Structure formats: C-alpha cells, structure tokens
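Data block for upload-v5.cif (mmCIF, C-alpha atoms):
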data_coords
#
loop_
_atom_site.label_atom_id
_atom_site.label_comp_id
_atom_site.auth_asym_id
_atom_site.auth_seq_id
_atom_site.Cartn_x
_atom_site.Cartn_y
_atom_site.Cartn_z
CA MET L 268 0.00 0.00 0.00
CA TYR L 269 2.71 2.51 0.91
CA ASP L 270 4.61 1.97 -2.35
CA GLU L 271 1.54 3.04 -4.33
CA LEU L 272 0.74 5.86 -1.91
CA ILE L 273 4.28 7.25 -2.14
CA ARG L 274 4.30 6.97 -5.94
CA ASP L 275 0.96 8.76 -6.24
CA LEU L 276 1.91 11.41 -3.68
CA ARG L 277 5.06 12.25 -5.66
CA LEU L 278 2.92 12.72 -8.77
CA LEU L 279 0.35 14.76 -6.87
CA VAL L 280 2.66 17.25 -5.14
CA GLY L 281 5.82 17.12 -7.24
CA GLY L 282 4.78 19.71 -9.82
CA VAL L 283 3.12 22.20 -7.47
CA ASP L 284 5.04 25.45 -7.48
CA ASP L 285 3.43 27.79 -4.95
CA ASN L 286 0.54 26.22 -3.10
CA ALA L 287 1.75 24.82 0.21
CA THR L 288 -1.77 24.68 1.63
CA GLY L 289 -2.85 22.68 -1.42
CA VAL L 290 0.05 20.27 -0.94
CA LEU L 291 -0.97 19.62 2.67
CA ALA L 292 -4.65 19.33 1.76
CA ASN L 293 -4.07 16.88 -1.07
CA ALA L 294 -1.58 14.84 0.95
CA ALA L 295 -4.08 14.54 3.83
CA ALA L 296 -6.88 13.61 1.41
CA LEU L 297 -4.79 10.97 -0.36
CA ILE L 298 -3.64 9.35 2.88
CA TYR L 299 -7.18 9.43 4.30
CA GLU L 300 -8.66 7.95 1.14
CA ARG L 301 -6.08 5.16 0.84
CA THR L 302 -5.83 4.15 4.50
CA GLY L 303 -9.35 4.68 5.80
CA TYR L 304 -8.07 5.96 9.14
CA PHE L 305 -10.40 8.01 11.35
CA TRP L 306 -8.46 11.29 11.15
CA VAL L 307 -5.52 12.35 8.95
CA GLY L 308 -4.06 15.82 9.02
CA PHE L 309 -1.29 18.25 9.62
CA TYR L 310 -0.37 20.67 12.36
CA MET L 311 2.21 23.31 11.42
CA VAL L 312 4.53 25.22 13.74
CA GLU L 313 3.52 28.87 13.84
CA ASP L 314 4.05 31.46 16.57
CA GLY L 315 5.52 28.85 18.92
CA VAL L 316 2.61 26.39 18.75
CA LEU L 317 1.32 23.70 16.43
CA LYS L 318 -1.65 25.14 14.54
CA LEU L 319 -4.28 23.09 12.78
CA ALA L 320 -3.62 22.84 9.05
CA PRO L 321 -5.40 20.85 6.30
CA PHE L 322 -6.96 17.58 7.45
CA GLN L 323 -9.60 14.96 6.69
CA GLY L 324 -12.01 13.72 9.35
CA PRO L 325 -14.03 15.23 12.17
CA ALA L 326 -13.33 18.63 13.74
CA ALA L 327 -10.01 18.91 15.56
CA CYS L 328 -8.10 20.93 18.13
CA TYR L 329 -6.89 24.32 16.87
CA ARG L 330 -3.60 24.61 18.78
CA ILE L 331 -1.22 22.25 20.51
CA GLY L 332 1.65 23.41 22.68
CA PHE L 333 5.27 22.26 22.52
CA GLY L 334 5.58 19.01 24.46
CA ARG L 335 1.80 18.66 24.92
CA GLY L 336 -0.11 15.58 23.83
CA VAL L 337 1.19 13.18 21.22
CA CYS L 338 1.66 15.88 18.55
CA GLY L 339 3.48 18.31 20.81
CA THR L 340 5.66 15.52 22.20
CA ALA L 341 6.63 14.35 18.69
CA TRP L 342 7.52 17.97 17.90
CA GLU L 343 9.57 18.29 21.09
CA ARG L 344 11.42 14.99 20.61
CA GLY L 345 11.74 15.36 16.83
CA CYS L 346 10.79 11.75 16.23
CA THR L 347 7.84 9.62 15.19
CA LEU L 348 5.58 8.48 18.00
CA VAL L 349 3.40 5.39 17.70
CA VAL L 350 0.79 5.21 20.46
CA PRO L 351 -1.07 1.87 20.66
CA ASP L 352 -3.57 3.17 23.25
CA VAL L 353 -4.06 6.93 23.49
CA GLU L 354 -5.66 6.62 26.92
CA GLU L 355 -2.34 5.36 28.27
CA PHE L 356 -0.32 8.26 26.83
CA PRO L 357 0.38 10.80 29.60
CA GLY L 358 -1.19 14.14 28.71
CA HIS L 359 -3.03 12.86 25.64
CA ILE L 360 -5.23 15.59 24.15
CA ALA L 361 -8.58 14.05 23.24
CA CYS L 362 -9.91 15.98 20.26
CA SER L 363 -12.28 13.03 19.75
CA SER L 364 -13.25 10.32 22.20
CA LEU L 365 -13.43 7.92 19.23
CA SER L 366 -9.66 7.98 18.70
CA ARG L 367 -8.02 4.86 20.16
CA SER L 368 -4.50 4.83 18.70
CA GLU L 369 -2.31 7.39 16.99
CA ILE L 370 0.85 7.95 14.99
CA VAL L 371 2.54 11.34 14.67
CA VAL L 372 5.39 11.96 12.24
CA PRO L 373 7.46 15.18 12.22
CA LEU L 374 7.88 17.28 9.07
CA ARG L 375 11.29 18.89 8.78
CA GLY L 376 12.27 22.12 7.11
CA ALA L 377 15.33 22.56 4.90
CA ASP L 378 17.38 23.33 8.02
CA GLY L 379 16.31 20.09 9.71
CA GLU L 380 14.05 21.78 12.25
CA VAL L 381 10.56 20.39 12.83
CA VAL L 382 8.10 22.66 10.97
CA GLY L 383 4.98 20.56 11.52
CA VAL L 384 3.63 17.09 12.08
CA LEU L 385 1.46 14.57 10.29
CA ASP L 386 -1.09 13.24 12.76
CA ILE L 387 -3.15 10.10 12.10
CA ASP L 388 -5.74 8.64 14.45
CA SER L 389 -7.47 5.28 14.31
CA ARG L 390 -10.66 4.08 15.97
CA GLU L 391 -8.89 0.76 16.53
CA PRO L 392 -6.37 0.19 19.33
CA ASP L 393 -2.83 -0.74 18.27
CA ALA L 394 -3.53 0.16 14.62
CA PHE L 395 0.00 1.26 13.70
CA ASP L 396 3.22 -0.71 13.34
CA ASP L 397 6.76 -0.31 11.95
CA THR L 398 5.48 -0.64 8.38
CA ASP L 399 3.19 2.35 8.97
CA ARG L 400 5.98 4.29 10.67
CA GLU L 401 8.40 3.71 7.79
CA GLY L 402 5.79 4.39 5.11
CA LEU L 403 4.51 7.58 6.74
CA GLU L 404 8.03 8.84 7.39
CA SER L 405 8.65 8.48 3.64
CA VAL L 406 5.40 10.34 2.97
CA CYS L 407 6.55 13.16 5.24
CA VAL L 408 9.87 13.44 3.40
CA ILE L 409 7.97 13.98 0.13
CA VAL L 410 5.62 16.53 1.71
CA ALA L 411 8.51 18.34 3.40
CA GLU L 412 10.51 18.48 0.17
CA SER L 413 7.54 20.11 -1.50
CA LEU L 414 6.98 22.54 1.38
CA ASN L 415 10.66 23.44 1.53
CA ARG L 416 10.26 24.96 -1.91
CA ARG L 417 7.67 27.39 -0.56
CA PRO L 418 6.64 28.77 2.85
CA TYR L 419 3.47 27.56 4.54
CA ARG L 420 1.07 30.30 5.59
CA SER L 421 -2.13 29.51 7.44
#

As structure tokens, how would this structure be written, given the file I've shared?
Amino acid sequence: MYDELIRDLRLLVGGVDDNATGVLANAAALIYERTGYFWVGFYMVEDGVLKLAPFQGPAACYRIGFGRGVCGTAWERGCTLVVPDVEEFPGHIACSSLSRSEIVVPLRGADGEVVGVLDIDSREPDAFDDTDREGLESVCVIVAESLNRRPYRS
C-alpha cells in the first residue's frame, strides 16, 4: 500500500510550485482515502505552537503546545511516535473520544528543524506498526521536500 501511496503522492505534489496549503490538503486527502483511518491531518509550527492545518475527518483541536499531547511531544522529541492506546499516553489531548490509537510523524524544514507534524488517528487500538511508521516517514519526506520549496502560511 505505501509503495503506491508514495508513488501517487510524488505525482500529486511534485509539480506544485506555490501552493503549500494545497500540498498539505491533497496529501491529507490521499492518505485518508487510501488508508481509511479516522483522522488524517497536519499541524504546522507557527508562533511557537502547532496550529491546525489541512486535514480529513471530524473537527479537531486548533492549537497544541510544545511538548503537549502526542503531537506536541513528537515535535519536542523530533521523532515519530506510535501510540497503541491513546488513553495510556500521559497528557493525551482528546480531540475526539473515538480515537483509540495514533501515529505522529514530524515534518522537517530545509534546516532540519521540525516545521509541523502529520497526525493520524485510528478508531482501533494498536492500529500502527513499523510498516506504517516507515511508510509515513517516507510520505513526510515527500511533503517536506515540496513545502521546503515554498513557505506555509495559514
């Protein structure tokens, strides 16, 4: 699944020249469509917080602080977090009570700093594994490469 997703994502965002919001929106839509997960979206670093960016799924939290919840912790640590049971994650921010497991992958700018995160929630516990982590990290490299050619503005 990830081989096809990565191939199609490259085709979808590779030729875009100035629409960072469109890149994030189409990436979220493609991932959501192909995986069927409950929530797929991006939070981007702006003014010292993660701010809600394009997503697919139910309404979400607007802002997440550095080191807060799964997204803020992935930003702080600069690494992918796979959470088999969100209720066991200290400080989990419950945007939806239907979310049971989560994966958050950092997006890096050209300088290597985290500029945002890809957040994916599942209604199923323990929905994510190393295959998902590796595939979604590759997805984030493609998205970040596209974003690094243009600034994101909310």

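Nearest residue to Glu300 (chain L), choosing from L:Leu385, L:Val353, L:Met268, L:Ala361 and counting only C-alpha atoms: L:Met268.
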
Residues within 9 Å of Arg367 (chain L), please, as number ranges by chain. Count all atoms listed in the file; anything in the same chain fewer than 4 positions from it doesn't count.
L: 350-354, 388-394

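One finds CA of Ile273 (chain L) at 20.3 Å from CA of Tyr310 (chain L).
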
Answer key for the PyMOL selection byres ((chain L and resi 314-328) around 7), residues as a PDB file with C-alpha atoms, in the coordinates of the input:
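Contents of out-v1.pdb, as written:
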ATOM      1  CA  LEU L 291      -0.970  19.620   2.670  1.00  0.00           C
ATOM      2  CA  ALA L 292      -4.650  19.330   1.760  1.00  0.00           C
ATOM      3  CA  ALA L 295      -4.080  14.540   3.830  1.00  0.00           C
ATOM      4  CA  ALA L 296      -6.880  13.610   1.410  1.00  0.00           C
ATOM      5  CA  TYR L 299      -7.180   9.430   4.300  1.00  0.00           C
ATOM      6  CA  PHE L 305     -10.400   8.010  11.350  1.00  0.00           C
ATOM      7  CA  TRP L 306      -8.460  11.290  11.150  1.00  0.00           C
ATOM      8  CA  VAL L 307      -5.520  12.350   8.950  1.00  0.00           C
ATOM      9  CA  GLY L 308      -4.060  15.820   9.020  1.00  0.00           C
ATOM     10  CA  PHE L 309      -1.290  18.250   9.620  1.00  0.00           C
ATOM     11  CA  TYR L 310      -0.370  20.670  12.360  1.00  0.00           C
ATOM     12  CA  MET L 311       2.210  23.310  11.420  1.00  0.00           C
ATOM     13  CA  VAL L 312       4.530  25.220  13.740  1.00  0.00           C
ATOM     14  CA  GLU L 313       3.520  28.870  13.840  1.00  0.00           C
ATOM     15  CA  TYR L 329      -6.890  24.320  16.870  1.00  0.00           C
ATOM     16  CA  ARG L 330      -3.600  24.610  18.780  1.00  0.00           C
ATOM     17  CA  ILE L 331      -1.220  22.250  20.510  1.00  0.00           C
ATOM     18  CA  GLY L 332       1.650  23.410  22.680  1.00  0.00           C
ATOM     19  CA  PHE L 333       5.270  22.260  22.520  1.00  0.00           C
ATOM     20  CA  CYS L 362      -9.910  15.980  20.260  1.00  0.00           C
ATOM     21  CA  GLY L 383       4.980  20.560  11.520  1.00  0.00           C
TER      22      GLY L 383
END

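Atom pair CA of Gly402 (chain L) / CA of Leu272 (chain L): separated by 8.8 Å.
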
Pick the closest to Gly376 (chain L) from L:Gly334, L:Thr347, L:Asn415, L:Asp397: which is it, counting all atoms listed in the file?
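Of L:Gly334, L:Thr347, L:Asn415, L:Asp397, the one nearest Gly376 (chain L) is L:Asn415, counting all atoms listed in the file.
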
Nearest residue to Arg274 (chain L) out of L:Leu297, L:Leu374, L:Gly303, L:Glu355, using only C-alpha atoms?
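Going through L:Leu297, L:Leu374, L:Gly303, L:Glu355 one by one, the smallest distance to Arg274 (chain L) is for L:Leu297.
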
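Atom to atom, CA of Tyr304 (chain L) and CA of Val372 (chain L) stand 15.1 Å apart.
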
Show me, as a PyMOL selection string, the residues that have an atom within 9 Å of Ser405 (chain L) when counting all atoms listed in the file, minus same-chain residues fewer than 4 positions from it.
chain L and resi 269+273+400-401+409-410

Would you compute the box with edges along x, y and z of the file around region 365-381 of chain L, including every atom the file lists for it and 4 Å extra on each side, and give its centre and edge lengths in Å to one decimal, as lines of an AutoDock Vina configuration file?
center_x = 2.0
center_y = 14.1
center_z = 12.5
size_x = 38.8
size_y = 26.5
size_z = 23.3

Closest to Glu412 (chain L) among L:Arg375, L:Asp285, L:Ile360, L:Glu380, using all atoms listed in the file?
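For Glu412 (chain L), the nearest of the given residues is L:Arg375.
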
Nearest to Ser368 (chain L) by atom-to-atom distance, counting only C-alpha atoms, from L:Ala287, L:Leu414, L:Ile387, L:Ile298
L:Ile387

Within 9 Å of Val337 (chain L), counting only C-alpha atoms, which residues qualify if same-chain residues fewer than 2 places away don't, as a PDB file with C-alpha atoms, in the frame of the given file?
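Written out: result_32.pdb:
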ATOM      1  CA  GLY L 334       5.580  19.010  24.460  1.00  0.00           C
ATOM      2  CA  ARG L 335       1.800  18.660  24.920  1.00  0.00           C
ATOM      3  CA  GLY L 339       3.480  18.310  20.810  1.00  0.00           C
ATOM      4  CA  THR L 340       5.660  15.520  22.200  1.00  0.00           C
ATOM      5  CA  ALA L 341       6.630  14.350  18.690  1.00  0.00           C
ATOM      6  CA  TRP L 342       7.520  17.970  17.900  1.00  0.00           C
ATOM      7  CA  LEU L 348       5.580   8.480  18.000  1.00  0.00           C
ATOM      8  CA  VAL L 349       3.400   5.390  17.700  1.00  0.00           C
ATOM      9  CA  VAL L 350       0.790   5.210  20.460  1.00  0.00           C
ATOM     10  CA  VAL L 353      -4.060   6.930  23.490  1.00  0.00           C
ATOM     11  CA  PHE L 356      -0.320   8.260  26.830  1.00  0.00           C
ATOM     12  CA  PRO L 357       0.380  10.800  29.600  1.00  0.00           C
ATOM     13  CA  GLY L 358      -1.190  14.140  28.710  1.00  0.00           C
ATOM     14  CA  HIS L 359      -3.030  12.860  25.640  1.00  0.00           C
ATOM     15  CA  ILE L 360      -5.230  15.590  24.150  1.00  0.00           C
ATOM     16  CA  GLU L 369      -2.310   7.390  16.990  1.00  0.00           C
ATOM     17  CA  ILE L 370       0.850   7.950  14.990  1.00  0.00           C
ATOM     18  CA  VAL L 371       2.540  11.340  14.670  1.00  0.00           C
ATOM     19  CA  ASP L 386      -1.090  13.240  12.760  1.00  0.00           C
TER      20      ASP L 386
END

Residues near Val280 (chain L), anyone? I mean within 9 Å using only C-alpha atoms, not counting same-chain ones fewer than 2 positions away, as a VMD selection string.
chain L and resid 275 to 278 282 to 284 289 to 291 293 to 294 409 to 410 413

Could you complete region 356-379 of chain L so that it carries N, CA, C and O atoms, and give it back as a CSV table (one decimal), in the coordinates of the input?
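Just written: selection.csv:
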chain,number,residue,atom,x,y,z
L,356,PHE,N,-1.4,7.3,27.1
L,356,PHE,CA,-0.3,8.3,26.8
L,356,PHE,C,-0.5,9.4,27.8
L,356,PHE,O,-1.5,10.1,27.8
L,357,PRO,N,0.5,9.7,28.6
L,357,PRO,CA,0.4,10.8,29.6
L,357,PRO,C,0.2,12.1,28.9
L,357,PRO,O,0.9,12.5,28.0
L,358,GLY,N,-0.9,12.8,29.3
L,358,GLY,CA,-1.2,14.1,28.7
L,358,GLY,C,-1.9,14.1,27.3
L,358,GLY,O,-1.9,15.1,26.7
L,359,HIS,N,-2.4,13.0,26.9
L,359,HIS,CA,-3.0,12.9,25.6
L,359,HIS,C,-4.1,13.9,25.5
L,359,HIS,O,-4.9,14.1,26.5
L,360,ILE,N,-4.2,14.6,24.4
L,360,ILE,CA,-5.2,15.6,24.2
L,360,ILE,C,-6.3,14.9,23.3
L,360,ILE,O,-6.1,14.5,22.2
L,361,ALA,N,-7.5,14.8,23.9
L,361,ALA,CA,-8.6,14.0,23.2
L,361,ALA,C,-9.4,15.0,22.4
L,361,ALA,O,-10.4,15.6,22.9
L,362,CYS,N,-9.1,15.2,21.2
L,362,CYS,CA,-9.9,16.0,20.3
L,362,CYS,C,-11.2,15.2,19.9
L,362,CYS,O,-12.2,15.8,19.7
L,363,SER,N,-11.1,13.9,20.0
L,363,SER,CA,-12.3,13.0,19.8
L,363,SER,C,-12.2,11.8,20.7
L,363,SER,O,-11.1,11.2,20.7
L,364,SER,N,-13.2,11.5,21.3
L,364,SER,CA,-13.2,10.3,22.2
L,364,SER,C,-13.2,9.0,21.4
L,364,SER,O,-13.0,8.0,21.9
L,365,LEU,N,-13.4,9.1,20.1
L,365,LEU,CA,-13.4,7.9,19.2
L,365,LEU,C,-12.0,7.5,18.8
L,365,LEU,O,-11.8,6.4,18.4
L,366,SER,N,-11.0,8.3,19.0
L,366,SER,CA,-9.7,8.0,18.7
L,366,SER,C,-9.1,7.0,19.7
L,366,SER,O,-9.2,7.2,20.9
L,367,ARG,N,-8.5,5.9,19.3
L,367,ARG,CA,-8.0,4.9,20.2
L,367,ARG,C,-6.5,4.7,20.1
L,367,ARG,O,-5.9,4.3,21.0
L,368,SER,N,-6.0,4.9,18.9
L,368,SER,CA,-4.5,4.8,18.7
L,368,SER,C,-4.1,5.9,17.7
L,368,SER,O,-4.9,6.5,17.0
L,369,GLU,N,-2.8,6.2,17.7
L,369,GLU,CA,-2.3,7.4,17.0
L,369,GLU,C,-0.9,7.2,16.6
L,369,GLU,O,-0.1,6.5,17.2
L,370,ILE,N,-0.5,7.8,15.4
L,370,ILE,CA,0.8,8.0,15.0
L,370,ILE,C,1.1,9.4,14.6
L,370,ILE,O,0.2,10.0,13.9
L,371,VAL,N,2.2,10.0,15.0
L,371,VAL,CA,2.5,11.3,14.7
L,371,VAL,C,4.0,11.3,14.1
L,371,VAL,O,4.9,10.8,14.8
L,372,VAL,N,4.1,11.9,12.9
L,372,VAL,CA,5.4,12.0,12.2
L,372,VAL,C,5.8,13.4,12.0
L,372,VAL,O,5.1,14.2,11.4
L,373,PRO,N,7.0,13.8,12.4
L,373,PRO,CA,7.5,15.2,12.2
L,373,PRO,C,7.7,15.5,10.7
L,373,PRO,O,8.2,14.6,10.0
L,374,LEU,N,7.5,16.7,10.4
L,374,LEU,CA,7.9,17.3,9.1
L,374,LEU,C,9.1,18.2,9.3
L,374,LEU,O,9.0,19.0,10.3
L,375,ARG,N,10.1,18.1,8.5
L,375,ARG,CA,11.3,18.9,8.8
L,375,ARG,C,11.5,19.9,7.7
L,375,ARG,O,11.3,19.6,6.5
L,376,GLY,N,11.9,21.1,8.1
L,376,GLY,CA,12.3,22.1,7.1
L,376,GLY,C,13.6,21.9,6.5
L,376,GLY,O,14.3,20.9,6.9
L,377,ALA,N,14.0,22.7,5.6
L,377,ALA,CA,15.3,22.6,4.9
L,377,ALA,C,16.5,22.6,5.9
L,377,ALA,O,17.5,22.0,5.6
L,378,ASP,N,16.3,23.3,7.0
L,378,ASP,CA,17.4,23.3,8.0
L,378,ASP,C,17.4,22.2,9.0
L,378,ASP,O,18.2,22.1,9.9
L,379,GLY,N,16.4,21.2,8.8
L,379,GLY,CA,16.3,20.1,9.7
L,379,GLY,C,15.4,20.3,10.9
L,379,GLY,O,15.1,19.3,11.6
